[in-house]
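Text of final.cif, listed as mmCIF, C-alpha atoms:
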```
data_model
#
loop_
_atom_site.label_atom_id
_atom_site.label_comp_id
_atom_site.auth_asym_id
_atom_site.auth_seq_id
_atom_site.Cartn_x
_atom_site.Cartn_y
_atom_site.Cartn_z
CA MET A 1 -30.85 -15.28 -20.00
CA GLN A 2 -31.05 -13.10 -23.10
CA GLY A 3 -30.96 -9.89 -21.06
CA VAL A 4 -27.59 -10.49 -19.45
CA THR A 5 -24.02 -11.02 -20.58
CA ARG A 6 -22.40 -14.22 -19.37
CA ILE A 7 -18.78 -15.01 -18.49
CA VAL A 8 -17.78 -18.65 -19.03
CA LEU A 9 -14.59 -20.42 -17.91
CA ASP A 10 -12.58 -22.62 -20.27
CA SER A 11 -9.99 -24.96 -18.73
CA ARG A 12 -8.46 -26.07 -22.05
CA ASP A 13 -6.20 -23.10 -22.79
CA PRO A 14 -2.55 -23.24 -21.63
CA ALA A 15 -1.36 -20.90 -18.90
CA PRO A 16 -0.15 -17.50 -20.16
CA THR A 17 3.03 -15.82 -18.93
CA ILE A 18 3.67 -12.34 -17.62
CA HIS A 19 5.29 -11.57 -20.97
CA ASP A 20 2.04 -12.63 -22.67
CA LEU A 21 0.10 -10.17 -20.54
CA LYS A 22 2.60 -7.37 -21.20
CA SER A 23 2.44 -7.96 -24.94
CA GLY A 24 -1.37 -7.77 -24.96
CA LYS A 25 -2.14 -11.42 -25.55
CA VAL A 26 -5.89 -12.03 -25.35
CA CYS A 27 -6.88 -14.71 -22.86
CA TRP A 28 -10.58 -14.78 -23.71
CA ARG A 29 -12.97 -15.18 -26.65
CA ARG A 30 -16.01 -13.02 -27.36
CA THR A 31 -19.30 -14.01 -28.96
CA ASP A 32 -22.75 -12.44 -28.80
CA GLY A 33 -23.60 -12.13 -25.11
CA ILE A 34 -20.79 -14.43 -23.93
CA VAL A 35 -17.13 -13.90 -22.98
CA THR A 36 -15.19 -17.14 -22.50
CA VAL A 37 -12.19 -16.74 -20.20
CA SER A 38 -9.17 -19.00 -19.80
CA ALA A 39 -9.16 -20.56 -16.33
CA ALA A 40 -5.36 -20.72 -16.46
CA PHE A 41 -5.32 -16.95 -17.02
CA LEU A 42 -7.31 -16.45 -13.81
CA GLY A 43 -4.91 -18.82 -12.06
CA LEU A 44 -1.95 -16.66 -13.09
CA ILE A 45 -3.69 -13.58 -11.70
CA ALA A 46 -4.30 -15.38 -8.40
CA ASP A 47 -0.65 -16.44 -8.19
CA LEU A 48 0.64 -12.92 -8.86
CA THR A 49 -1.69 -11.10 -6.48
CA SER A 50 -0.98 -13.56 -3.66
CA ALA A 51 2.81 -13.64 -4.25
CA ALA A 52 2.42 -17.43 -4.39
CA GLN A 53 5.96 -17.96 -5.65
CA GLU A 54 7.37 -15.99 -2.72
CA GLN A 55 5.21 -17.94 -0.28
CA LEU A 56 6.83 -21.17 -1.44
CA SER A 57 10.40 -19.83 -1.51
CA GLU A 58 12.87 -20.71 1.23
CA LEU A 59 15.41 -18.03 0.28
CA ARG A 60 16.04 -15.12 2.68
CA ASP A 61 18.23 -12.02 2.55
CA LYS A 62 20.33 -10.70 5.44
CA HIS A 63 17.22 -9.07 6.96
CA ASP A 64 15.28 -12.36 6.84
CA ARG A 65 13.16 -11.17 3.91
CA VAL A 66 12.28 -13.04 0.74
CA PRO A 67 14.61 -11.47 -1.86
CA ALA A 68 13.03 -9.44 -4.64
CA SER A 69 14.63 -11.88 -7.09
CA GLU A 70 12.05 -14.44 -5.94
CA ASN A 71 9.16 -12.22 -7.00
CA ALA A 72 7.38 -13.25 -10.20
CA MET A 73 6.92 -9.66 -11.38
CA VAL A 74 10.65 -8.97 -10.98
CA GLN A 75 11.52 -12.18 -12.81
CA GLY A 76 9.21 -11.10 -15.64
CA GLY A 77 10.76 -7.60 -15.77
CA ALA A 78 7.36 -6.09 -15.01
CA GLU A 79 7.56 -4.84 -11.41
CA ARG A 80 6.94 -1.26 -12.53
CA ASP A 81 4.09 -2.19 -14.85
CA LEU A 82 0.44 -2.56 -13.92
CA VAL A 83 -0.26 -5.26 -16.45
CA LEU A 84 -3.07 -6.84 -14.45
CA GLN A 85 -5.14 -3.68 -14.33
CA GLN A 86 -4.35 -2.92 -17.95
CA VAL A 87 -5.63 -6.40 -18.86
CA ALA A 88 -8.69 -5.81 -16.66
CA ALA A 89 -9.48 -2.62 -18.61
CA ARG A 90 -9.23 -4.50 -21.91
CA PHE A 91 -11.45 -7.25 -20.52
CA GLY A 92 -14.07 -4.70 -19.47
CA HIS A 93 -14.09 -3.37 -23.03
CA GLU A 94 -14.59 -6.91 -24.36
CA VAL A 95 -17.54 -7.46 -22.03
CA ALA A 96 -19.14 -4.22 -23.23
CA GLN A 97 -18.64 -5.28 -26.85
CA ALA A 98 -20.09 -8.74 -26.24
CA ALA A 99 -23.10 -7.23 -24.47
CA GLY A 100 -24.32 -5.34 -27.52
CA SER A 101 -27.65 -3.82 -26.46
CA ARG A 102 -27.65 -5.66 -23.13
CA PRO A 103 -27.06 -3.46 -20.06
CA VAL A 104 -23.52 -3.26 -18.67
CA ARG A 105 -22.82 -1.45 -15.43
CA LEU A 106 -19.62 -0.97 -13.48
CA LEU A 107 -18.99 0.22 -9.95
CA ALA A 108 -17.28 3.60 -9.78
CA PRO A 109 -13.68 3.01 -8.65
CA TRP A 110 -13.50 5.47 -5.76
CA PRO A 111 -15.90 7.74 -3.83
CA GLY A 112 -16.74 11.35 -4.52
CA GLY A 113 -16.12 11.16 -8.25
CA HIS A 114 -12.39 10.47 -7.80
CA ARG A 115 -10.87 8.21 -10.44
CA TRP A 116 -7.85 7.10 -8.40
CA ALA A 117 -6.67 7.05 -4.80
CA ALA A 118 -3.55 7.84 -2.79
CA GLY A 119 -2.65 6.55 0.66
CA LEU A 120 0.27 8.18 2.51
CA SER A 121 1.82 6.38 5.46
CA HIS A 122 4.65 6.96 7.91
CA ASP A 123 6.79 4.48 9.85
CA LEU A 124 7.84 5.97 13.19
CA ASP A 125 11.28 4.39 13.63
CA VAL A 126 13.06 7.17 15.54
CA VAL A 127 11.92 9.08 18.65
CA ALA A 128 14.79 9.17 21.15
CA LEU A 129 18.60 9.37 20.97
CA TRP A 130 18.46 11.11 17.61
CA PRO A 131 22.20 12.08 17.53
CA LEU A 132 23.08 8.39 17.17
CA PHE A 133 20.99 8.20 14.01
CA THR A 134 22.63 11.37 12.75
CA GLY A 135 26.00 9.69 13.17
CA LEU A 136 24.89 6.64 11.18
CA ARG A 137 23.47 8.86 8.47
CA LEU A 138 26.69 10.89 8.24
CA THR A 139 28.59 7.66 7.65
CA GLU A 140 26.20 6.87 4.80
CA LEU A 141 26.57 10.32 3.26
CA VAL A 142 30.36 10.12 3.38
CA ARG A 143 30.22 6.68 1.75
CA HIS A 144 28.13 8.22 -1.04
CA ARG A 145 30.59 11.16 -1.28
CA GLU A 146 27.84 13.61 -0.42
CA TRP A 147 30.15 16.14 1.25
CA ARG A 148 27.80 19.11 0.99
CA ARG A 149 24.85 17.26 2.48
CA ALA A 150 27.09 15.99 5.27
CA ALA A 151 28.20 19.55 6.07
CA ARG A 152 24.62 20.80 6.08
CA THR A 153 23.67 17.93 8.38
CA LEU A 154 26.38 18.86 10.86
CA THR A 155 25.21 22.47 10.85
CA ALA A 156 21.58 21.47 11.44
CA ALA A 157 22.51 18.97 14.14
CA GLY A 158 24.58 21.61 15.95
CA ALA A 159 21.67 24.03 15.89
CA SER A 160 19.39 21.32 17.34
CA ALA A 161 21.87 20.06 19.94
CA PHE A 162 19.57 20.90 22.85
CA GLY A 163 16.28 20.44 21.02
CA ASP A 164 14.02 17.74 19.63
CA PRO A 165 14.26 17.86 15.82
CA VAL A 166 12.21 14.67 15.38
CA THR A 167 9.08 15.97 17.10
CA ARG A 168 9.53 19.39 15.49
CA GLY A 169 9.84 17.77 12.05
CA ILE A 170 6.70 15.73 12.64
CA GLY A 171 4.86 18.93 13.47
CA ARG A 172 5.89 20.45 10.14
CA LEU A 173 4.95 17.25 8.30
CA LEU A 174 1.49 17.34 9.85
CA GLU A 175 1.12 20.98 8.81
CA HIS A 176 1.90 20.04 5.18
CA GLU A 177 -0.78 17.33 5.30
CA LEU A 178 -3.32 19.66 6.88
CA ARG A 179 -2.81 22.19 4.09
CA THR A 180 -3.18 19.45 1.49
CA GLY A 181 -6.37 18.19 3.14
CA LEU A 182 -5.34 14.60 3.72
CA HIS A 183 -5.23 12.09 6.54
CA SER A 184 -2.37 9.60 6.66
CA THR A 185 -1.61 6.33 8.42
CA TRP A 186 1.14 6.07 11.06
CA PHE A 187 2.75 2.75 11.94
CA MET A 188 4.34 2.84 15.39
CA LEU A 189 6.70 0.44 17.16
CA CYS A 190 5.26 -0.90 20.38
CA GLY A 191 7.72 -3.27 21.99
CA THR A 192 10.30 -2.85 24.73
CA PRO A 193 13.70 -1.75 23.39
CA THR A 194 16.94 -3.39 24.50
CA LEU A 195 20.55 -2.92 23.54
CA GLY A 196 20.14 -5.83 21.15
CA THR A 197 17.05 -4.42 19.42
CA PHE A 198 18.68 -0.99 19.19
CA THR A 199 21.91 -2.23 17.59
CA ALA A 200 19.86 -4.36 15.17
CA GLY A 201 17.94 -1.26 14.04
CA ASP A 202 14.68 -2.68 15.40
CA LEU A 203 13.06 -1.26 18.55
CA THR A 204 14.69 2.08 19.33
CA TYR A 205 12.25 3.84 21.67
CA ARG A 206 9.90 3.07 24.52
CA PRO A 207 6.31 3.78 23.39
CA GLU A 208 5.36 5.00 26.88
CA SER A 209 8.09 7.65 26.88
CA PRO A 210 6.93 11.29 27.10
CA ARG A 211 8.17 12.07 23.58
CA ALA A 212 6.42 9.05 22.06
CA ILE A 213 3.20 9.88 23.92
CA GLU A 214 3.37 13.45 22.62
CA ILE A 215 3.77 12.19 19.04
CA PHE A 216 0.85 9.78 19.50
CA LYS A 217 -1.26 12.70 20.69
CA GLN A 218 -0.24 14.96 17.79
CA VAL A 219 -1.09 12.29 15.26
CA ARG A 220 -4.37 11.26 16.89
CA ASP A 221 -5.56 14.84 17.42
CA ALA A 222 -4.96 15.60 13.73
CA GLY A 223 -7.35 12.78 12.78
CA HIS A 224 -4.79 10.34 11.38
CA GLU A 225 -4.86 6.56 11.68
CA ILE A 226 -2.45 4.70 13.97
CA GLY A 227 -1.36 1.15 13.16
CA LEU A 228 1.26 -1.24 14.50
CA HIS A 229 4.81 -1.35 13.17
CA GLY A 230 5.52 -4.99 13.96
CA SER A 231 8.97 -5.51 15.49
CA PHE A 232 11.38 -8.29 14.55
CA GLU A 233 10.05 -10.32 17.48
CA THR A 234 6.71 -10.80 15.71
CA SER A 235 8.50 -12.74 12.98
CA ARG A 236 9.91 -15.18 15.54
CA ARG A 237 7.04 -15.30 18.04
CA PRO A 238 3.56 -14.75 16.56
CA ALA A 239 1.99 -14.11 19.99
CA ALA A 240 3.93 -10.82 20.01
CA PHE A 241 1.49 -9.43 17.43
CA GLY A 242 -1.38 -9.49 19.92
CA GLU A 243 0.76 -8.25 22.79
CA GLN A 244 2.07 -5.27 20.84
CA ALA A 245 -1.36 -4.48 19.39
CA ARG A 246 -2.93 -4.38 22.86
CA ARG A 247 -0.12 -2.20 24.14
CA LEU A 248 -0.58 0.18 21.23
CA ALA A 249 -4.35 0.34 21.73
CA GLY A 250 -3.83 1.36 25.34
CA LEU A 251 -1.56 4.22 24.27
CA SER A 252 -3.43 5.44 21.20
CA GLY A 253 -6.96 5.02 22.56
CA ALA A 254 -8.20 2.84 19.69
CA PRO A 255 -7.54 -0.68 18.41
CA ALA A 256 -5.06 -0.97 15.55
CA THR A 257 -6.71 -2.53 12.50
CA GLY A 258 -3.56 -2.42 10.37
CA VAL A 259 0.04 -3.56 10.64
CA ARG A 260 3.26 -3.08 8.70
CA GLN A 261 6.38 -5.09 9.49
CA HIS A 262 9.53 -3.20 10.40
CA PHE A 263 12.04 -3.53 7.53
CA VAL A 264 9.06 -5.14 5.67
CA ARG A 265 10.29 -8.33 7.31
CA LEU A 266 7.72 -11.08 6.82
CA ARG A 267 7.00 -14.44 5.23
CA PRO A 268 4.24 -13.80 2.67
CA GLY A 269 1.27 -15.97 3.47
CA GLY A 270 2.67 -17.39 6.73
CA THR A 271 3.05 -14.08 8.56
CA HIS A 272 -0.27 -12.96 7.10
CA LEU A 273 -2.01 -15.93 8.74
CA GLU A 274 -0.49 -14.89 12.07
CA MET A 275 -1.63 -11.28 11.55
CA ALA A 276 -5.19 -12.40 10.85
CA GLU A 277 -5.19 -14.64 13.94
CA ALA A 278 -4.09 -11.62 16.00
CA GLY A 279 -7.16 -9.71 14.81
CA PHE A 280 -5.67 -7.34 12.23
CA VAL A 281 -7.84 -6.34 9.26
CA TYR A 282 -5.04 -5.49 6.83
CA ASP A 283 -1.28 -5.65 6.26
CA ALA A 284 0.67 -2.85 4.56
CA SER A 285 4.03 -4.63 4.14
CA MET A 286 3.79 -5.99 0.60
CA GLY A 287 6.16 -3.71 -1.25
CA PHE A 288 9.85 -3.93 -2.12
CA ALA A 289 12.56 -2.66 0.21
CA ASP A 290 15.29 -2.37 -2.44
CA ARG A 291 13.29 -0.97 -5.38
CA ASN A 292 10.08 0.93 -6.00
CA GLY A 293 7.33 -0.82 -7.88
CA PHE A 294 4.36 -3.17 -7.65
CA ARG A 295 5.21 -6.37 -5.79
CA LEU A 296 1.79 -7.93 -6.40
CA GLY A 297 1.47 -6.72 -9.98
CA LEU A 298 -1.34 -4.29 -9.22
CA ALA A 299 -2.12 -1.03 -7.45
CA ASP A 300 -5.10 -1.83 -5.27
CA VAL A 301 -6.31 -3.43 -2.06
CA VAL A 302 -6.36 -7.21 -2.51
CA PRO A 303 -7.48 -10.10 -0.25
CA ALA A 304 -4.64 -12.21 1.14
CA TRP A 305 -4.48 -15.83 0.00
CA SER A 306 -2.52 -18.76 1.42
CA ALA A 307 -0.85 -20.66 -1.41
CA VAL A 308 0.11 -23.38 1.08
CA ARG A 309 -3.38 -23.96 2.46
CA GLY A 310 -5.21 -23.01 -0.73
CA GLU A 311 -7.64 -20.77 1.11
CA SER A 312 -8.43 -17.14 1.88
CA ILE A 313 -6.66 -15.73 4.92
CA GLY A 314 -9.32 -13.20 5.95
CA LEU A 315 -6.89 -10.27 5.72
CA ASP A 316 -6.56 -7.54 3.14
CA LEU A 317 -3.24 -6.39 1.69
CA VAL A 318 -2.47 -2.72 0.98
CA PRO A 319 0.76 -3.00 -1.05
CA PHE A 320 2.97 0.08 -1.16
CA ALA A 321 4.54 1.14 -4.46
CA TRP A 322 7.07 3.70 -3.29
CA MET A 323 9.27 4.42 -0.27
CA ASP A 324 11.40 7.51 0.36
CA ARG A 325 14.59 5.73 1.43
CA THR A 326 14.65 3.07 -1.27
CA LEU A 327 16.75 5.01 -3.77
CA SER A 328 19.18 6.53 -1.27
CA LYS A 329 19.73 3.45 0.86
CA TYR A 330 19.96 0.83 -1.88
CA SER A 331 21.01 2.81 -4.97
CA GLY A 332 23.03 5.63 -3.42
CA ILE A 333 20.82 8.29 -5.03
CA GLU A 334 20.73 11.15 -2.54
CA ASN A 335 18.87 13.81 -4.51
CA PRO A 336 15.33 14.05 -3.02
CA GLU A 337 14.05 15.52 -6.30
CA THR A 338 14.84 12.17 -7.93
CA TRP A 339 12.97 10.31 -5.20
CA ILE A 340 9.90 12.50 -5.67
CA ALA A 341 10.03 12.22 -9.46
CA ASP A 342 10.07 8.44 -9.10
CA GLY A 343 7.12 8.51 -6.74
CA LEU A 344 5.07 10.74 -9.01
CA GLU A 345 5.91 8.60 -12.04
CA LEU A 346 4.52 5.54 -10.27
CA ALA A 347 1.52 7.60 -9.14
CA GLY A 348 0.86 8.45 -12.78
CA ARG A 349 0.80 4.75 -13.63
CA CYS A 350 -1.69 4.13 -10.83
CA ARG A 351 -3.85 7.00 -12.01
CA ALA A 352 -3.88 5.65 -15.58
CA VAL A 353 -5.54 2.42 -14.39
CA GLU A 354 -7.78 4.08 -11.78
CA GLY A 355 -5.79 2.35 -9.06
CA LEU A 356 -4.29 3.05 -5.64
CA TRP A 357 -0.88 4.64 -5.09
CA ALA A 358 0.44 3.87 -1.60
CA GLY A 359 3.66 5.51 -0.46
CA ILE A 360 5.85 5.57 2.66
CA TRP A 361 7.54 8.66 4.05
CA HIS A 362 9.64 8.32 7.21
CA PRO A 363 9.09 11.26 9.60
CA ASN A 364 12.75 11.28 10.69
CA LEU A 365 13.86 12.66 7.29
CA VAL A 366 14.74 16.05 8.79
CA PRO A 367 17.90 18.19 8.44
CA ALA A 368 19.43 17.35 11.83
CA LEU A 369 19.19 13.62 11.08
CA GLY A 370 20.91 13.86 7.71
CA PHE A 371 18.21 14.91 5.26
CA PRO A 372 18.66 18.67 4.67
CA ASP A 373 15.96 18.86 1.99
CA GLY A 374 13.62 16.22 3.38
CA LEU A 375 10.66 18.30 4.52
CA GLU A 376 10.66 20.38 1.33
CA ALA A 377 10.75 17.17 -0.70
CA TYR A 378 7.70 15.81 1.12
CA GLU A 379 5.81 19.03 0.50
CA SER A 380 6.71 18.71 -3.20
CA LEU A 381 5.38 15.15 -3.25
CA LEU A 382 2.07 16.25 -1.73
CA ARG A 383 1.70 19.07 -4.25
CA GLY A 384 2.40 16.71 -7.14
CA LEU A 385 -0.15 14.17 -5.95
CA ALA A 386 -2.82 16.75 -5.13
CA ARG A 387 -2.64 18.27 -8.62
CA GLU A 388 -4.14 15.06 -10.03
CA ARG A 389 -7.05 14.95 -7.56
CA PRO A 390 -6.79 11.52 -5.97
CA TRP A 391 -9.02 10.38 -3.16
CA PHE A 392 -6.64 10.86 -0.21
CA ALA A 393 -7.53 8.33 2.46
CA THR A 394 -6.10 6.43 5.39
CA HIS A 395 -5.34 2.76 4.86
CA GLN A 396 -8.29 1.82 7.03
CA GLN A 397 -10.62 3.90 4.85
CA LEU A 398 -9.18 2.37 1.68
CA VAL A 399 -9.79 -1.14 2.99
CA GLN A 400 -13.32 -0.33 4.16
CA TRP A 401 -14.20 1.12 0.76
CA ARG A 402 -12.77 -1.82 -1.19
CA ARG A 403 -14.48 -4.37 1.05
CA ALA A 404 -17.85 -2.67 0.60
CA ARG A 405 -17.30 -2.42 -3.15
CA ARG A 406 -16.37 -6.11 -3.40
CA ALA A 407 -19.52 -7.05 -1.51
CA ALA A 408 -21.87 -5.15 -3.85
CA ARG A 409 -24.12 -7.33 -6.01
CA ALA A 410 -26.47 -6.68 -8.92
CA VAL A 411 -29.95 -7.77 -7.87
CA GLY A 412 -32.09 -7.04 -10.92
CA VAL A 413 -32.67 -5.48 -14.33
CA ASP A 414 -36.01 -3.83 -15.06
CA ALA A 415 -37.88 -3.73 -18.36
CA GLN A 416 -36.13 -0.48 -19.34
CA GLY A 417 -32.69 -2.02 -18.80
CA ARG A 418 -32.00 -0.22 -15.54
CA VAL A 419 -29.74 -2.21 -13.23
CA SER A 420 -30.24 -2.22 -9.48
CA ALA A 421 -27.51 -3.22 -7.05
CA ARG A 422 -27.15 -3.60 -3.32
CA ALA A 423 -24.25 -3.48 -0.90
CA PRO A 424 -24.11 -4.26 2.83
CA HIS A 425 -23.97 -1.51 5.42
CA GLY A 426 -20.77 0.47 4.94
CA GLY A 427 -21.22 0.71 1.18
CA ALA A 428 -22.60 4.24 1.21
CA HIS A 429 -21.63 6.35 -1.80
CA LEU A 430 -21.08 3.34 -4.08
CA GLN A 431 -22.34 4.22 -7.52
CA LEU A 432 -23.08 2.41 -10.75
CA GLU A 433 -21.82 3.81 -14.02
CA SER A 434 -21.84 2.82 -17.67
CA PRO A 435 -18.62 1.63 -19.38
CA ASP A 436 -17.98 5.15 -20.67
CA GLY A 437 -17.89 6.46 -17.09
CA THR A 438 -21.28 8.17 -17.11
CA SER A 439 -22.58 8.27 -13.55
CA LEU A 440 -25.92 6.52 -13.08
CA GLU A 441 -27.65 5.31 -9.93
CA PRO A 442 -26.37 5.00 -6.37
CA VAL A 443 -26.09 1.49 -4.97
CA GLU A 444 -28.64 0.63 -2.28
CA THR A 445 -27.21 -0.29 1.11
CA GLY A 446 -28.62 -2.67 3.66
CA ALA A 447 -28.83 -6.32 4.54
#
```
What is this file in structure tokens?
Amino acid sequence: MQGVTRIVLDSRDPAPTIHDLKSGKVCWRRTDGIVTVSAAFLGLIADLTSAAQEQLSELRDKHDRVPASENAMVQGGAERDLVLQQVAARFGHEVAQAAGSRPVRLLAPWPGGHRWAAGLSHDLDVVALWPLFTGLRLTELVRHREWRRAARTLTAAGASAFGDPVTRGIGRLLEHELRTGLHSTWFMLCGTPTLGTFTAGDLTYRPESPRAIEIFKQVRDAGHEIGLHGSFETSRRPAAFGEQARRLAGLSGAPATGVRQHFVRLRPGGTHLEMAEAGFVYDASMGFADRNGFRLGLADVVPAWSAVRGESIGLDLVPFAWMDRTLSKYSGIENPETWIADGLELAGRCRAVEGLWAGIWHPNLVPALGFPDGLEAYESLLRGLARERPWFATHQQLVQWRRARRAARAVGVDAQGRVSARAPHGGAHLQLESPDGTSLEPVETGA
């Protein structure tokens, strides 16, 4: 065992707090060739990344969501900090120090030499009857005393009176993404709308309508991913997940591997079990509705865990850090430049820890629907992200990469200290590197 560095668990140390992690408290001890880690420290990480406290909470807001006040990161004042990945970086340094002359190899974080990743997604909430949404938005702008934006909205709506500004806006959005060289993920509603669902802000269009079919085709032909935007019904009747997924597959031509709940309305843990039983591979709902930040305390793909059952759910979570409407809807901040600055600030934090920034942009943010500067703002966001060279990927690609990376295993060290590793099929392009980031050998793939 002299050629390897060992990690040992110690169950005697008390559990740290989020404040301890933020302040840099060390939860391990280093000796020659051994790093001893507090088991309670690992337990805290598991609780944060599974939103265990939210899973056990019975509180709900008016949209039947667990309030952000029940989130452990919010309670610790750390929802905009990536303390877990910062601690992970310090731990990696400790392992390298404990190793001495022993070989230490890490897996490169993302493919193609990229040091961080960005996943853009869109929730298709509006297709038909767009003037009604314009009216609701005008009410919001007047409430925020945004007279100039309201006037510009009326002008744009008048010019589009006999047109289809939603589909036209989606076309422009897709052009921006094509120029940037990225593929995004689109979550689409796939239930049957009624007067009740419409007035509740839930299902607002029939997915088989000609306009919806045209949007599906535009998105699919451009090479983007299509996932399910689970309606409110899925929260009350779990069988609706499978029904809506099958309906969506028939329209889009491919099974949906991912789902995001409309209004991010879900019970952490419980709804995730229902998603997994319906055959979904990942959920993209675990972000805040009323603030931007990191609900699970990290910027990465993470396996879902049931705090109630004490077992893995078999589903991955792709938590989003930023949403376009969060500041305007909940904070009354109507300047899109402020929204974009907030998104890029959070992206910078993700980049600093070699993590994943996931953001939501609603395709109905067009002039005629009350967002005069919306399309320009999205283009600005794409430019800001692209300058820092992330790996742009769909959510499905992000999950596939992380699953392959998690499955990689070291299988040997030769006499010269060279480490060999293997990953199952699907792990192509995984690469080993030294702690200083020097690229070394590719990881073998196969059974």
Selection dump of the PyMOL selection byres ((chain A and resi 282) around 6), as a PyMOL selection string: chain A and resi 258+280-281+283+315-317
Using all atoms listed in the file: which of A:Ala278, A:Val126, A:Leu375, A:Cys190 has the shortest distance to Thr204 in chain A: A:Val126
Counting all atoms listed in the file, the residue of A:Thr17, A:Asn71, A:Asn364, A:Thr5 that sits nearest Ser101 in chain A: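 Comparing A:Thr17, A:Asn71, A:Asn364, A:Thr5 against Ser101 in chain A, the winner is A:Thr5.
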Point-to-point distance in Å for CA of Ile34 in chain A and CA of Pro442 in chain A: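 Going from CA of Pro442 in chain A over to CA of Ile34 in chain A, I get 26.8 Å.
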Target residues per the PyMOL selection byres ((chain A and resi 216-220) around 8), formatted as a ChimeraX atom specification: /A:171,174,186,212-215,221-226,251-252
Protein and nucleic acid residues near (-14.1, 9.9, -5.3) (cut-off 12 Å, all atoms listed in the file) as a ChimeraX atom specification: /A:107-118,354-356,389-393,398,401,429-431,439
Nearest-residue call for Met73 in chain A, choices A:Ala159, A:Val26, A:Leu21, A:Ala88, using all atoms listed in the file: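 Checking each candidate against Met73 in chain A, we get A:Leu21 as the closest.
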Hits of the PyMOL selection byres ((chain A and resi 305) around 9) in this structure, as a list in words: Ala46, Thr49, Ser50, Ala51, Ala52, Gly269, His272, Pro303, Ala304, Ser306, Ala307, Val308, Arg309, Gly310, Glu311, Ser312, Ile313, Gly314 and Leu315 of chain A
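Remark: for Leu432 in chain A, the closest of the candidate residues A:Val87, A:Gly43, A:Leu106, A:His176 is A:Leu106 (distances computed over all atoms listed in the file).
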